$ cat work_16.cif   # mmCIF, C-alpha atoms
data_input
#
loop_
_atom_site.label_atom_id
_atom_site.label_comp_id
_atom_site.auth_asym_id
_atom_site.auth_seq_id
_atom_site.Cartn_x
_atom_site.Cartn_y
_atom_site.Cartn_z
CA ALA A 1 111.48 140.48 125.80
CA PHE A 2 113.09 143.85 125.08
CA GLY A 3 114.60 145.25 121.96
CA GLN A 4 118.23 145.56 122.85
CA ALA A 5 120.58 144.71 125.65
CA GLN A 6 124.11 145.82 126.36
CA VAL A 7 126.10 143.06 127.97
CA ALA A 8 129.73 142.71 128.93
CA PHE A 9 131.40 139.96 126.96
CA GLY A 10 134.80 138.75 127.88
CA GLY A 11 135.66 141.95 129.68
CA LEU A 12 139.44 141.38 129.48
CA GLN A 13 141.25 143.63 127.02
CA HIS A 14 141.35 141.95 123.57
CA ASP A 15 144.02 143.07 121.13
CA ALA A 16 142.56 142.90 117.61
CA SER A 17 145.97 143.12 115.97
CA LEU A 18 147.17 139.80 117.37
CA PRO A 19 147.85 137.14 114.75
CA VAL A 20 144.77 135.21 113.77
CA GLU A 21 145.18 131.46 113.69
CA VAL A 22 142.77 129.31 111.72
CA THR A 23 142.92 125.54 111.99
CA ALA A 24 140.69 123.20 109.97
CA ASP A 25 140.53 119.76 108.41
CA GLN A 26 140.53 121.14 104.91
CA LEU A 27 141.16 124.39 103.06
CA GLN A 28 139.92 124.90 99.52
CA VAL A 29 141.31 127.79 97.45
CA ASN A 30 139.58 128.57 94.17
CA GLN A 31 142.35 129.40 91.72
CA GLU A 32 140.27 131.72 89.58
CA ASP A 33 138.85 134.20 92.07
CA GLY A 34 141.21 133.30 94.92
CA SER A 35 138.34 132.70 97.37
CA ALA A 36 139.28 130.37 100.22
CA VAL A 37 136.97 128.15 102.29
CA PHE A 38 137.95 126.26 105.42
CA GLN A 39 135.88 123.15 106.13
CA GLY A 40 135.67 120.56 108.92
CA ASN A 41 135.76 121.70 112.58
CA VAL A 42 137.28 125.05 111.87
CA VAL A 43 138.62 127.01 114.85
CA ILE A 44 139.58 130.69 114.53
CA GLY A 45 141.75 131.77 117.42
CA GLN A 46 143.00 135.21 118.36
CA GLY A 47 144.29 135.91 121.83
CA SER A 48 141.81 134.27 124.19
CA MET A 49 138.95 134.39 121.66
CA ARG A 50 137.96 131.16 119.93
CA LEU A 51 135.37 131.01 117.17
CA SER A 52 134.62 127.48 116.04
CA ALA A 53 132.37 126.60 113.11
CA GLY A 54 131.75 123.92 110.48
CA ARG A 55 132.70 126.14 107.58
CA VAL A 56 134.54 129.47 107.28
CA ARG A 57 134.79 131.47 104.09
CA VAL A 58 137.60 134.01 103.77
CA GLU A 59 136.63 137.35 102.25
CA TYR A 60 139.29 139.68 100.93
CA GLN A 61 139.40 143.45 100.80
CA THR A 62 138.34 144.56 97.35
CA GLY A 63 138.89 148.08 96.14
CA ALA A 64 141.70 150.13 94.71
CA ASN A 65 144.69 150.12 96.95
CA THR A 66 144.09 146.91 98.85
CA THR A 67 146.74 144.26 98.61
CA GLY A 68 144.14 141.53 98.93
CA GLU A 69 144.34 141.42 102.72
CA ILE A 70 141.79 139.32 104.56
CA SER A 71 138.89 141.57 105.43
CA ARG A 72 136.30 139.24 106.93
CA LEU A 73 135.88 135.64 108.04
CA HIS A 74 132.36 134.39 107.40
CA ALA A 75 131.60 131.40 109.62
CA THR A 76 128.57 129.14 109.20
CA ASN A 77 127.33 125.64 110.17
CA GLY A 78 127.01 125.88 113.95
CA VAL A 79 129.13 128.74 115.25
CA VAL A 80 130.36 128.87 118.86
CA LEU A 81 132.25 131.92 120.12
CA THR A 82 134.10 131.72 123.43
CA ASN A 83 136.12 134.42 125.07
CA GLY A 84 137.32 133.58 128.53
CA ALA A 85 134.38 132.30 130.59
CA GLU A 86 131.52 133.36 128.30
CA ALA A 87 130.27 131.46 125.27
CA ALA A 88 127.82 132.38 122.55
CA GLU A 89 126.40 130.22 119.82
CA ALA A 90 124.55 131.08 116.62
CA THR A 91 123.98 129.78 113.10
CA SER A 92 126.40 132.22 111.48
CA ALA A 93 128.99 134.83 112.42
CA ILE A 94 131.09 137.42 110.56
CA TYR A 95 134.40 138.44 112.08
CA THR A 96 135.87 141.64 110.62
CA ILE A 97 139.59 141.23 111.05
CA GLY A 98 141.48 144.09 112.60
CA SER A 99 138.40 145.83 113.95
CA GLY A 100 137.75 143.05 116.47
CA GLN A 101 134.03 143.10 115.71
CA ILE A 102 132.02 139.89 115.47
CA VAL A 103 128.40 139.91 114.30
CA MET A 104 126.55 136.70 115.16
CA GLN A 105 123.17 136.02 113.60
CA GLY A 106 120.39 133.47 113.87
CA GLY A 107 119.26 132.03 117.20
CA VAL A 108 122.02 133.58 119.30
CA ILE A 109 122.34 132.11 122.81
CA LEU A 110 124.80 133.85 125.13
CA THR A 111 125.66 131.97 128.31
CA GLN A 112 127.46 133.77 131.12
CA GLY A 113 127.97 131.69 134.17
CA ASP A 114 124.59 130.11 134.84
CA ASN A 115 122.29 132.63 133.19
CA ALA A 116 121.74 132.84 129.45
CA LEU A 117 120.35 135.40 127.02
CA GLY A 118 118.82 134.71 123.64
CA ALA A 119 118.43 137.05 120.66
CA ASN A 120 118.33 137.18 116.86
CA GLN A 121 121.62 139.00 116.51
CA MET A 122 124.59 139.82 118.68
CA THR A 123 127.37 142.27 117.85
CA VAL A 124 130.47 141.75 119.94
CA ASN A 125 133.22 144.35 120.08
CA LEU A 126 136.20 142.43 121.39
CA GLY A 127 138.21 145.59 121.94
CA THR A 128 135.75 147.15 124.42
CA GLY A 129 134.51 143.81 125.73
CA GLN A 130 130.90 144.91 125.04
CA ALA A 131 128.25 142.82 123.34
CA GLU A 132 124.97 144.18 122.02
CA LEU A 133 122.08 141.79 121.61
CA SER A 134 119.21 142.83 119.38
CA GLY A 135 116.03 141.31 118.00
CA ARG A 136 113.70 139.51 120.44
CA VAL A 137 116.20 139.53 123.29
CA HIS A 138 115.01 137.17 126.01
CA THR A 139 116.45 135.66 129.14
CA ILE A 140 116.67 131.90 129.37
CA LEU A 141 116.24 130.77 132.96
CA GLN A 142 118.05 127.57 133.88
CA THR A 143 115.32 125.52 135.60
CA GLY A 144 116.03 122.35 137.49
CA GLY A 145 118.80 121.78 139.99
CA ASN A 146 118.62 123.63 143.38
CA MET B 1 202.37 167.98 17.41
CA ASN B 2 203.50 165.13 19.43
CA ASN B 3 200.99 165.93 22.22
CA VAL B 4 198.36 164.40 19.93
CA TYR B 5 200.19 161.08 20.22
CA THR B 6 200.81 161.41 23.91
CA TYR B 7 197.11 161.94 24.54
CA SER B 8 196.03 158.94 22.46
CA ARG B 9 198.90 156.90 23.89
CA PHE B 10 197.66 157.93 27.35
CA ILE B 11 194.17 156.78 26.41
CA ALA B 12 195.50 153.51 25.08
CA TRP B 13 197.34 152.83 28.37
CA VAL B 14 194.33 153.84 30.40
CA LYS B 15 192.13 151.48 28.42
CA VAL B 16 194.42 148.67 29.54
CA ILE B 17 195.33 149.72 33.08
CA LEU B 18 191.85 150.59 34.34
CA PRO B 19 190.14 147.24 33.54
CA LEU B 20 193.13 145.40 35.03
CA ALA B 21 192.82 147.49 38.18
CA ALA B 22 189.09 146.77 38.28
CA LEU B 23 189.76 143.06 37.86
CA ALA B 24 192.33 143.10 40.66
CA LEU B 25 189.96 145.00 42.92
CA LEU B 26 187.15 142.56 42.16
CA SER B 27 189.27 139.51 42.80
CA THR B 28 190.17 140.74 46.28
CA LEU B 29 186.52 140.23 47.04
CA PHE B 30 186.94 136.47 46.60
CA LEU B 31 190.61 135.73 47.12
CA PHE B 32 191.07 137.33 50.52
CA SER B 33 188.14 135.59 52.28
CA ARG B 34 187.68 136.17 56.00
CA GLY B 35 189.90 134.05 58.16
CA SER B 36 189.05 130.44 57.50
CA GLY B 37 186.49 129.20 60.11
CA THR B 38 188.11 127.28 62.92
CA GLY B 39 185.08 124.98 63.19
CA GLY B 40 183.12 124.97 66.53
CA ALA B 41 184.64 122.69 69.16
CA ILE B 42 182.33 119.74 69.95
CA PRO B 43 180.50 120.75 73.19
CA PHE B 44 181.17 117.40 74.90
CA SER B 45 184.30 116.40 76.80
CA GLU B 46 185.85 113.00 76.17
CA ARG B 47 184.55 111.65 79.46
CA GLU B 48 181.05 112.73 78.61
CA ILE B 49 181.18 110.98 75.29
CA GLU B 50 182.11 107.70 76.94
CA GLU B 51 179.46 108.21 79.56
CA ARG B 52 176.97 109.08 76.84
CA ALA B 53 177.81 105.87 75.04
CA GLN B 54 177.02 103.76 78.10
CA THR B 55 173.73 105.39 79.16
CA PRO B 56 171.70 106.89 76.34
CA ARG B 57 170.47 110.26 77.57
CA VAL B 58 168.63 113.26 76.22
CA THR B 59 170.03 116.69 77.10
CA ARG B 60 167.57 119.48 77.85
CA PRO B 61 164.45 117.61 76.73
CA ASN B 62 161.14 119.36 76.85
CA PHE B 63 157.61 118.05 76.76
CA THR B 64 154.61 120.20 76.02
CA GLY B 65 150.97 119.26 75.74
CA VAL B 66 147.47 120.67 76.03
CA THR B 67 144.88 118.68 77.95
CA GLY B 68 141.26 118.06 77.10
CA ASN B 69 139.96 121.13 78.88
CA GLY B 70 142.62 123.44 77.50
CA THR B 71 145.19 123.33 80.30
CA ALA B 72 148.66 123.78 78.80
CA LEU B 73 151.41 121.70 80.42
CA SER B 74 155.06 122.12 79.56
CA VAL B 75 158.02 120.41 81.21
CA GLN B 76 161.76 121.06 80.70
CA ALA B 77 164.60 119.09 82.27
CA GLU B 78 168.38 119.19 82.35
CA THR B 79 168.71 115.55 81.33
CA ALA B 80 166.30 112.68 80.79
CA THR B 81 167.44 109.06 80.94
CA PRO B 82 165.12 106.28 79.75
CA ASP B 83 164.75 103.35 82.16
CA PRO B 84 166.62 100.41 80.60
CA GLU B 85 164.02 97.82 81.72
CA ASP B 86 160.86 99.71 80.88
CA ALA B 87 160.84 101.95 77.85
CA GLY B 88 157.74 103.77 79.08
CA ARG B 89 159.59 105.15 82.11
CA LEU B 90 161.93 108.10 82.02
CA ALA B 91 163.99 109.62 84.82
CA ALA B 92 164.77 113.32 84.56
CA GLU B 93 167.05 115.68 86.48
CA GLY B 94 166.68 119.38 87.19
CA LEU B 95 163.06 119.86 86.23
CA GLN B 96 160.99 122.92 85.41
CA ALA B 97 157.29 122.62 84.61
CA SER B 98 154.55 125.13 84.03
CA ILE B 99 150.80 124.62 83.98
CA ASP B 100 148.54 127.24 82.40
CA THR B 101 144.89 126.77 83.30
CA PRO B 102 142.20 128.02 80.90
CA GLY B 103 141.10 130.40 83.61
CA GLY B 104 144.40 132.20 83.28
CA THR B 105 146.20 130.97 86.39
CA ARG B 106 149.77 129.83 85.87
CA PHE B 107 151.70 127.40 88.07
CA GLU B 108 155.50 127.35 87.83
CA ILE B 109 156.95 124.14 89.27
CA VAL B 110 160.65 123.47 89.92
CA SER B 111 162.10 120.25 91.31
CA ASP B 112 165.38 118.36 91.57
CA SER B 113 164.26 115.22 89.79
CA GLY B 114 161.26 113.67 88.11
CA GLN B 115 159.86 110.40 86.80
CA MET B 116 157.78 110.14 83.65
CA ASN B 117 155.57 107.06 83.42
CA ASN B 118 153.97 106.73 80.02
CA ALA B 119 152.04 103.59 80.92
CA ASP B 120 149.66 105.28 83.36
CA GLN B 121 150.25 108.77 81.97
CA MET B 122 151.61 110.06 85.27
CA PHE B 123 154.52 112.40 85.88
CA SER B 124 156.01 112.66 89.35
CA LEU B 125 158.43 115.32 90.58
CA SER B 126 160.45 114.82 93.73
CA GLY B 127 163.19 116.36 95.82
CA ASP B 128 162.59 119.94 97.01
CA VAL B 129 159.59 120.66 94.81
CA ARG B 130 158.54 124.32 94.68
CA ILE B 131 155.34 125.60 93.10
CA GLU B 132 154.47 129.21 92.50
CA SER B 133 151.03 130.25 91.32
CA SER B 134 150.26 133.49 89.58
CA GLU B 135 147.74 134.10 92.37
CA GLY B 136 150.73 134.76 94.60
CA MET B 137 150.87 131.41 96.38
CA GLN B 138 154.19 129.67 96.98
CA MET B 139 154.11 125.99 97.95
CA SER B 140 156.97 123.67 98.77
CA THR B 141 156.72 119.95 99.28
CA SER B 142 158.77 116.83 98.76
CA GLU B 143 156.84 115.13 95.97
CA ILE B 144 154.18 115.88 93.38
CA GLU B 145 152.28 113.67 90.97
CA THR B 146 150.73 115.15 87.85
CA ALA B 147 148.36 113.33 85.56
CA LEU B 148 149.46 114.06 82.03
CA ASP B 149 145.84 114.72 81.09
CA GLY B 150 146.12 117.65 83.50
CA SER B 151 143.06 116.69 85.48
CA ILE B 152 144.88 116.29 88.76
CA LEU B 153 148.02 117.35 90.58
CA THR B 154 148.57 115.87 94.02
CA ALA B 155 151.19 116.38 96.69
CA PRO B 156 150.89 113.32 98.91
CA GLY B 157 153.39 114.60 101.45
CA ALA B 158 153.36 117.57 103.80
CA VAL B 159 152.97 120.92 102.08
CA SER B 160 153.99 124.32 103.41
CA VAL B 161 152.36 127.28 101.70
CA THR B 162 152.70 131.06 101.85
CA GLY B 163 149.93 133.04 100.26
CA ARG B 164 148.41 136.47 100.47
CA PHE B 165 146.30 135.31 103.37
CA GLY B 166 149.24 134.18 105.48
CA SER B 167 151.29 131.01 105.68
CA PHE B 168 150.09 127.56 106.61
CA ASP B 169 150.93 123.88 106.53
CA ALA B 170 148.83 120.90 105.52
CA ASP B 171 149.27 117.15 105.35
CA SER B 172 148.58 116.92 101.65
CA MET B 173 147.47 118.98 98.68
CA LEU B 174 145.38 118.38 95.61
CA LEU B 175 144.83 120.59 92.56
CA GLU B 176 141.73 119.50 90.71
CA LEU B 177 138.84 120.80 88.70
CA ALA B 178 136.10 122.37 90.80
CA GLU B 179 133.54 120.33 88.84
CA PRO B 180 134.52 117.58 86.41
CA ASP B 181 133.62 119.50 83.27
CA SER B 182 134.33 123.06 84.45
CA ASN B 183 137.68 124.68 83.78
CA THR B 184 138.16 126.39 87.13
CA TYR B 185 140.76 124.68 89.26
CA VAL B 186 140.54 124.34 93.02
CA LEU B 187 143.51 123.80 95.33
CA VAL B 188 142.43 121.59 98.22
CA PHE B 189 144.69 121.25 101.25
CA LYS B 190 143.78 118.32 103.47
CA GLY B 191 144.63 117.32 106.98
CA GLY B 192 145.72 119.55 109.85
CA VAL B 193 145.50 122.85 107.99
CA LYS B 194 146.93 125.53 110.27
CA LEU B 195 146.98 129.09 108.96
CA VAL B 196 148.63 132.01 110.80
CA TYR B 197 147.67 135.47 109.59
CA THR B 198 148.77 138.77 111.12
CA PRO B 199 146.25 141.52 110.47
CA VAL B 200 147.52 144.64 108.81
CA ASN B 201 145.69 147.83 109.74
#

$ encode --input "work_16.cif" --output "structure tokens"
Amino acid sequence: AFGQAQVAFGGLQHDASLPVEVTADQLQVNQEDGSAVFQGNVVIGQGSMRLSAGRVRVEYQTGANTTGEISRLHATNGVVLTNGAEAAEATSAIYTIGSGQIVMQGGVILTQGDNALGANQMTVNLGTGQAELSGRVHTILQTGGN
Amino acid sequence: MNNVYTYSRFIAWVKVILPLAALALLSTLFLFSRGSGTGGAIPFSEREIEERAQTPRVTRPNFTGVTGNGTALSVQAETATPDPEDAGRLAAEGLQASIDTPGGTRFEIVSDSGQMNNADQMFSLSGDVRIESSEGMQMSTSEIETALDGSILTAPGAVSVTGRFGSFDADSMLLELAEPDSNTYVLVFKGGVKLVYTPVN
């Protein structure tokens, strides 16, 4: 295994300012601190990127002059990220809106065509179409079949 | 010589004239009162009085209450007409309600009409119901039911919401306590939640 690997991920140009669409079975908004949690086969879509997960928590920008815009979507409970032909799965992912950067953590498996890579963490930059795998990166060979 | 008399005669006249003048001046205070009041016209037209006689109705009623966990609920209406068959029921027109949660969030609710049901302590609002929360969320739906003990507010029908994190629709909505005994409220949108958010950067 080697420390880090640079991999192309969904090479097509991804526009991070496209509207983000989140669909879910249920949305819960806490009225005191305004935190919002989507639950039940949640799918975050933007352009051709789809991030599906069991639960997504919305984090807002804090700080002086923010108008409470969404800053990050924190997905957990079985996360699958697909962008065009490639797919990556992990236990959790954080999508920073606007910057087009997704950090996936915990047992990441990236499948491209018929070969697959595994790692502890993967940082995808949708804008450049680059993905960086780090932490016990290893190749998973598809055995069986001729 | 005679000016001695004239002076004392002058004084004698003055002693009579001045009090009379004072009396006259004082009486103007009471005699010339301001124009006599015309009496306010009764604010109801003839037709309304007949109508009022047939259906007993309350004009601009308001209902306020504080629930067990400190949520203040106040409801105002244009008119409220008791249901002839069942005294516990009340139909109201042109409703405005506000809910103040202990946590400091306020919900302003406006609707065309409403039904108060004392028996099961429920209050339902219907017809173009709009809710605005102090957290900056606007919701519109067709019907809302509120438990008068403030524990629950449900919108059984489709809800469309605009909030700071974009706009979305859902099949139904529920405002309830996060945990039974806590006083933080949670808005739960169920069924086909679809949020569209355009990033600003």

$ residues_around --input "work_16.cif" --residues "A:Leu117" --least-positions-apart "2" --cutoff "7 Å" --atoms "only C-alpha atoms" --output "JSON, numbers by chain"
{"A": [109, 110, 111, 119, 137, 138, 139, 140]}

$ resolve_selection --input "work_16.cif" --expression "the PyMOL selection byres ((chain A) within 8 of (chain B))" --output "PDB file with C-alpha atoms, keeping the file's coordinate frame"
ATOM      1  CA  SER A  17     145.970 143.120 115.970  1.00  0.00           C
ATOM      2  CA  LEU A  18     147.170 139.800 117.370  1.00  0.00           C
ATOM      3  CA  PRO A  19     147.850 137.140 114.750  1.00  0.00           C
ATOM      4  CA  VAL A  20     144.770 135.210 113.770  1.00  0.00           C
ATOM      5  CA  GLU A  21     145.180 131.460 113.690  1.00  0.00           C
ATOM      6  CA  VAL A  22     142.770 129.310 111.720  1.00  0.00           C
ATOM      7  CA  THR A  23     142.920 125.540 111.990  1.00  0.00           C
ATOM      8  CA  ALA A  24     140.690 123.200 109.970  1.00  0.00           C
ATOM      9  CA  ASP A  25     140.530 119.760 108.410  1.00  0.00           C
ATOM     10  CA  GLN A  26     140.530 121.140 104.910  1.00  0.00           C
ATOM     11  CA  LEU A  27     141.160 124.390 103.060  1.00  0.00           C
ATOM     12  CA  GLN A  28     139.920 124.900  99.520  1.00  0.00           C
ATOM     13  CA  VAL A  29     141.310 127.790  97.450  1.00  0.00           C
ATOM     14  CA  ASN A  30     139.580 128.570  94.170  1.00  0.00           C
ATOM     15  CA  GLN A  31     142.350 129.400  91.720  1.00  0.00           C
ATOM     16  CA  GLU A  32     140.270 131.720  89.580  1.00  0.00           C
ATOM     17  CA  GLY A  34     141.210 133.300  94.920  1.00  0.00           C
ATOM     18  CA  GLY A  68     144.140 141.530  98.930  1.00  0.00           C
ATOM     19  CA  GLU A  69     144.340 141.420 102.720  1.00  0.00           C
ATOM     20  CA  ILE A  70     141.790 139.320 104.560  1.00  0.00           C
ATOM     21  CA  ILE A  97     139.590 141.230 111.050  1.00  0.00           C
ATOM     22  CA  GLY A  98     141.480 144.090 112.600  1.00  0.00           C
TER      23      GLY A  98
END

$ closest_residue --input "work_16.cif" --among "B:Ala92, B:Ser182, B:Val75, B:Phe30" --to "B:Val58" --atoms "only C-alpha atoms"
B:Ala92

$ closest_residue --input "work_16.cif" --among "A:Gly127, A:Gly78, A:Gly113, A:Gly107" --to "A:Gly47" --atoms "only C-alpha atoms"
A:Gly127

$ atom_distance --input "work_16.cif" --atom1 "atom CA of A:Ala75" --atom2 "atom CA of B:Gln138"
25.9 Å

$ atom_distance --input "work_16.cif" --atom1 "atom CA of B:Ser124" --atom2 "atom CA of B:Gly163"
23.9 Å

$ resolve_selection --input "work_16.cif" --expression "the PyMOL selection byres ((chain B and resi 109) around 10)" --output "PyMOL selection string"
chain B and resi 75+95-99+106-108+110-111+125+129-133+138-140+144

$ resolve_selection --input "work_16.cif" --expression "the PyMOL selection byres ((chain A and resi 112) around 12)" --output "count of residues only"
27

$ atom_distance --input "work_16.cif" --atom1 "atom CA of A:Phe38" --atom2 "atom CA of A:Leu51"
12.9 Å

$ residues_near_point --input "work_16.cif" --point "(167.1, 117.2, 80.7)" --cutoff "7 Å" --atoms "all atoms listed in the file" --output "number ranges by chain"
B: 58-61, 76-80, 92-94

$ write_last_selection --input "work_16.cif" --atoms "C-alpha atoms" --output "PDB file, keeping the file's coordinate frame"
ATOM      1  CA  VAL B  58     168.630 113.260  76.220  1.00  0.00           C
ATOM      2  CA  THR B  59     170.030 116.690  77.100  1.00  0.00           C
ATOM      3  CA  ARG B  60     167.570 119.480  77.850  1.00  0.00           C
ATOM      4  CA  PRO B  61     164.450 117.610  76.730  1.00  0.00           C
ATOM      5  CA  GLN B  76     161.760 121.060  80.700  1.00  0.00           C
ATOM      6  CA  ALA B  77     164.600 119.090  82.270  1.00  0.00           C
ATOM      7  CA  GLU B  78     168.380 119.190  82.350  1.00  0.00           C
ATOM      8  CA  THR B  79     168.710 115.550  81.330  1.00  0.00           C
ATOM      9  CA  ALA B  80     166.300 112.680  80.790  1.00  0.00           C
ATOM     10  CA  ALA B  92     164.770 113.320  84.560  1.00  0.00           C
ATOM     11  CA  GLU B  93     167.050 115.680  86.480  1.00  0.00           C
ATOM     12  CA  GLY B  94     166.680 119.380  87.190  1.00  0.00           C
TER      13      GLY B  94
END

$ closest_residue --input "work_16.cif" --among "B:Ala21, B:Leu29, B:Ala155, B:Met116" --to "B:Gly88" --atoms "all atoms listed in the file"
B:Met116

$ residues_near_point --input "work_16.cif" --point "(132.6, 142.0, 111.7)" --cutoff "12 Å" --atoms "only C-alpha atoms" --output "list in words"
Ala16, Glu59, Ile70, Ser71, Arg72, Leu73, His74, Ala75, Ser92, Ala93, Ile94, Tyr95, Thr96, Ile97, Gly98, Ser99, Gly100, Gln101, Ile102, Val103, Met104, Gln105, Met122, Thr123, Val124, Asn125 and Leu126 of chain A

$ decode --input "work_16.cif" --residues "stretch 110-123 of chain B" --atoms "N, CA and C atoms" --output "JSON list (two decimals), in the first residue's frame"
[["chain", "number", "residue", "atom", "x", "y", "z"],
["B", 110, "VAL", "N", -51.38, 33.04, 10.17],
["B", 110, "VAL", "CA", -52.53, 33.78, 9.65],
["B", 110, "VAL", "C", -53.34, 32.81, 8.81],
["B", 111, "SER", "N", -54.67, 32.84, 8.94],
["B", 111, "SER", "CA", -55.46, 31.94, 8.08],
["B", 111, "SER", "C", -56.84, 32.54, 7.86],
["B", 112, "ASP", "N", -57.53, 32.01, 6.81],
["B", 112, "ASP", "CA", -58.84, 32.59, 6.48],
["B", 112, "ASP", "C", -59.87, 32.23, 7.55],
["B", 113, "SER", "N", -59.85, 30.91, 7.93],
["B", 113, "SER", "CA", -60.90, 30.53, 8.89],
["B", 113, "SER", "C", -60.34, 29.53, 9.88],
["B", 114, "GLY", "N", -61.09, 29.26, 10.92],
["B", 114, "GLY", "CA", -60.59, 28.34, 11.94],
["B", 114, "GLY", "C", -61.75, 27.69, 12.67],
["B", 115, "GLN", "N", -61.44, 26.56, 13.32],
["B", 115, "GLN", "CA", -62.45, 25.83, 14.08],
["B", 115, "GLN", "C", -61.89, 25.57, 15.47],
["B", 116, "MET", "N", -62.62, 25.98, 16.49],
["B", 116, "MET", "CA", -62.15, 25.68, 17.85],
["B", 116, "MET", "C", -62.98, 24.53, 18.39],
["B", 117, "ASN", "N", -62.31, 23.48, 18.91],
["B", 117, "ASN", "CA", -63.09, 22.35, 19.42],
["B", 117, "ASN", "C", -62.68, 22.16, 20.87],
["B", 118, "ASN", "N", -63.55, 22.60, 21.78],
["B", 118, "ASN", "CA", -63.19, 22.55, 23.19],
["B", 118, "ASN", "C", -63.12, 21.13, 23.70],
["B", 119, "ALA", "N", -63.98, 20.25, 23.10],
["B", 119, "ALA", "CA", -64.07, 18.89, 23.64],
["B", 119, "ALA", "C", -62.67, 18.27, 23.66],
["B", 120, "ASP", "N", -62.01, 18.20, 22.44],
["B", 120, "ASP", "CA", -60.70, 17.54, 22.47],
["B", 120, "ASP", "C", -59.58, 18.56, 22.43],
["B", 121, "GLN", "N", -59.90, 19.81, 22.88],
["B", 121, "GLN", "CA", -58.86, 20.82, 23.05],
["B", 121, "GLN", "C", -58.00, 20.98, 21.81],
["B", 122, "MET", "N", -58.69, 20.98, 20.63],
["B", 122, "MET", "CA", -57.92, 21.16, 19.39],
["B", 122, "MET", "C", -58.41, 22.43, 18.71],
["B", 123, "PHE", "N", -57.51, 23.04, 17.96],
["B", 123, "PHE", "CA", -57.87, 24.26, 17.23],
["B", 123, "PHE", "C", -57.36, 24.07, 15.81]]
